[in-house]
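For reference, the structure discussed in these notes is given below.
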Amino acid sequence: MVARRPGAGRLVLRAGAARSDGARVLRRGLGMLRRTPFPRPTARGWTVLAVGLGLVGGGLVAATSVAVSAGLLLVVLLVLGVVSALAVAAPLRADRSAPRAVVQVGEVYRERVTLRGSGVRFAPRSTLLVREQLDDRFVSTADVASFVEIGPGRPPAVLDVEALAIQRGRALVGPVTIRVEDPFGLLRIDRPVVAAEEVVVVPATTPLTALDVGALAGAVSADEGRVGQGGSADDSELRPYRPGDPIRRVHWGQSARRGTLHVRQTTQAQPPEAVIAVDVRREAYQQLGRDDLAELADLGGDQAFEHAVVVAASVARAIAARTSRVVLVTDDDDHATRHTGDVGGLSDVLVGLADVRVRSDARPVGDVLEAVRGRDLNGMTVVVTGHCTAEQATALVTASGGPSRGVLATIVPPEPEVRGILDRSGWRTVVVPVPGVRAGRATSGGSR
């Protein structure tokens with residue numbers, strides 16, 4: 001049996017480690033190349049390629065070695081350009097950092113794109129173009145494209161992007177792309193380095209008048225006062241039973257006296273819940289004629305609806321400061337009732353308002369409220385619309401019957417008949433016109 005020398009064993013281990021490192025580097029390099037588009041010739045590159053091939057062909061036909069050599073030199077120059085461009089573009093890494101994924105109309109969206117090149121010492125230095133793509137819902141307030149220099153010994157390149165949000169909805173920001181050219185300007189690589197991301201633009205809000213705030217506060221306080229009217233101190237710690245409440249919290253004595261299950265509040269009594277129902281029927285906003293609101297009397301009612309969304313966001317902010325849970329309900333595309341904010345957050349309602357769209361086939365708000373009765377109508381109900389008829393007002397009062405209190409938030413003051421129906425049912429009216437625009441009809445009354 002031949003004994004193996006210790007030095008040979010160490011050599012085998014080093015060779016195995018070298019093969020492992022080499023295979024890892026090769027796999028990484030192949031992965032980079034797969035993610036990197038092949039260089040495309042520029043106008044100059046096509047010219048050099050055509051001249052090179054012409055010289056090679058002409059030299060072979062005329063048996064002129066000088067022409068063949070010159071043509072091959074130009075072709076080699078293109079090959080070197082391919083290698084140089086790939087050496088710069090393939091190792092590039094970038095990331096996007098944005099403080100918020102939700103912005104409000106009128107706010108500035110900011111992000112920073114950081115670009116890093118190869119860490120190899122002998123890697124080439126290069127100047128490349130970095131560009132961020134912005135959705136039409138943004139207007140750039142700073143340059144979204146910049147030339148940066150990367151290479152060994154250089155700090156990471158940074159591109160700061162600022163854009164003003166001008167339209168609500170879900171917008172895509174990105175992808176971030178880089179453009180790399182070889183030192184001779186013959187080839188170009190356009191490569192995405194950061195994928196596109198979604199940014200939600202929520203509607204802006206408008207200040208509410210003292211009367212409007214008072215109407216909302218009055219509806220909330222009325223609901224708060226109904227919890228323990230006419231009872232003992234123990235009654236103030238009770239609320240109606242909801243699915244999911246532990247049975248051990250049921251107050252059996254008060255439940256028997258009231259006829260329905262009630263549970264004890266283990267903490268301070270929570271404010272009432274609130275439902276904000278947005279009317280998405282196009283006809284509710286097309287009926288705003290020149291006598292109502294000339295600036296918003298567009299044919300499709302889209303501008304008036306956009307202001308109604310602003311009104312809904314403003315009301316939601318005012319209510320969220322006084323209630324524990326705010327829910328947004330609208331009519332969905334498939335005529336199902338859409339709920340947003342079931343967990344009770346204002347941000348969920350604002351995101352839901354970013355998605356609502358006016359439609360010609362939408363159901364009346366009364367039908368939408370009928371579908372959520374007993375599920376969400378435990379506190380106050382706010383209906384945001386552009387125009388409300390007497391029949392619709394009656395349907396709203398009927399649909400939100402029971403313990404719920406109602407608020408009608410409109411763009412223009414309602415008709416006296418509509419106001420009378422709402423007043424007799426205990427509803428309050430909030431009118432939030434467009435700032436700087438004067439309503440031409442039924443301007444008296446304002447809010448109640």
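Identifiers in this document derive from the order of the structure tokens: chains are assigned A, B, ..., residues are numbered from 1 separately in each chain, and ligands are numbered from 1 in order of occurrence.
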
Members of region 44-270 of chain A assigned alpha helix (DSSP H) by DSSP, as number ranges by chain:
A: 44-62, 65-89, 210-225, 252-258

Show which residues sit within 7 Å of region 347-351 of chain A, as a PDB file with N, CA and C atoms, in the first residue's frame. Count only C-alpha atoms, and ignore same-chain residues fewer than 2 positions away.
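part_29.pdb was written with the following content:
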```
ATOM      1  N   VAL A 200     -49.953  54.116  -4.971  1.00  0.00           N
ATOM      2  CA  VAL A 200     -51.361  54.489  -4.915  1.00  0.00           C
ATOM      3  C   VAL A 200     -51.460  55.989  -4.654  1.00  0.00           C
ATOM      4  N   VAL A 202     -53.967  58.698  -3.594  1.00  0.00           N
ATOM      5  CA  VAL A 202     -55.279  58.861  -2.971  1.00  0.00           C
ATOM      6  C   VAL A 202     -55.784  60.273  -3.231  1.00  0.00           C
ATOM      7  N   ALA A 313     -63.356  61.905   0.698  1.00  0.00           N
ATOM      8  CA  ALA A 313     -62.100  61.834   1.447  1.00  0.00           C
ATOM      9  C   ALA A 313     -62.078  62.841   2.589  1.00  0.00           C
ATOM     10  N   VAL A 327     -65.880  52.626   7.249  1.00  0.00           N
ATOM     11  CA  VAL A 327     -65.992  51.664   6.151  1.00  0.00           C
ATOM     12  C   VAL A 327     -66.503  52.391   4.920  1.00  0.00           C
ATOM     13  N   LEU A 328     -65.896  52.107   3.786  1.00  0.00           N
ATOM     14  CA  LEU A 328     -66.323  52.656   2.502  1.00  0.00           C
ATOM     15  C   LEU A 328     -67.079  51.579   1.743  1.00  0.00           C
ATOM     16  N   THR A 340     -64.500  48.540   1.677  1.00  0.00           N
ATOM     17  CA  THR A 340     -63.100  48.912   1.836  1.00  0.00           C
ATOM     18  C   THR A 340     -62.922  49.481   3.229  1.00  0.00           C
ATOM     19  N   GLY A 341     -61.943  48.946   3.939  1.00  0.00           N
ATOM     20  CA  GLY A 341     -61.668  49.436   5.277  1.00  0.00           C
ATOM     21  C   GLY A 341     -62.344  48.647   6.361  1.00  0.00           C
ATOM     22  N   GLY A 345     -59.441  51.322   9.214  1.00  0.00           N
ATOM     23  CA  GLY A 345     -58.414  52.331   9.060  1.00  0.00           C
ATOM     24  C   GLY A 345     -58.789  53.386   8.037  1.00  0.00           C
ATOM     25  N   LEU A 353     -60.940  54.890  -2.131  1.00  0.00           N
ATOM     26  CA  LEU A 353     -61.400  56.022  -2.936  1.00  0.00           C
ATOM     27  C   LEU A 353     -60.502  56.250  -4.149  1.00  0.00           C
ATOM     28  N   ALA A 354     -59.269  55.780  -4.089  1.00  0.00           N
ATOM     29  CA  ALA A 354     -58.392  55.895  -5.263  1.00  0.00           C
ATOM     30  C   ALA A 354     -58.850  54.989  -6.390  1.00  0.00           C
ATOM     31  N   ASP A 355     -59.648  53.967  -6.074  1.00  0.00           N
ATOM     32  CA  ASP A 355     -60.055  52.984  -7.074  1.00  0.00           C
ATOM     33  C   ASP A 355     -61.449  53.202  -7.627  1.00  0.00           C
TER      34      ASP A 355
END
```

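CA of Gln303 (chain A) is found 21.0 Å from CA of Val382 (chain A).
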
Find the residues near Leu186 (chain A): any atom within 12 Å, counting only C-alpha atoms, skip ones fewer than 6 places away on the same chain, and give them as a list in words.
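Here the answer would be Pro39, Arg40, Pro41, Thr42, Ala43, Arg44, Gly45, Trp46, Thr47, Val48, Leu49, Leu74, Val75, Val76, Leu77, Leu78, Val79, Leu80, Gly81, Val82, Val83, Ser84, Ala85 and Val180 of chain A.
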
So which residues touch Gly59 (chain A) within 12 Å, counting only C-alpha atoms, skipping near sequence neighbours fewer than 6 positions away, as a PyMOL selection string?
chain A and resi 51-53+65-72
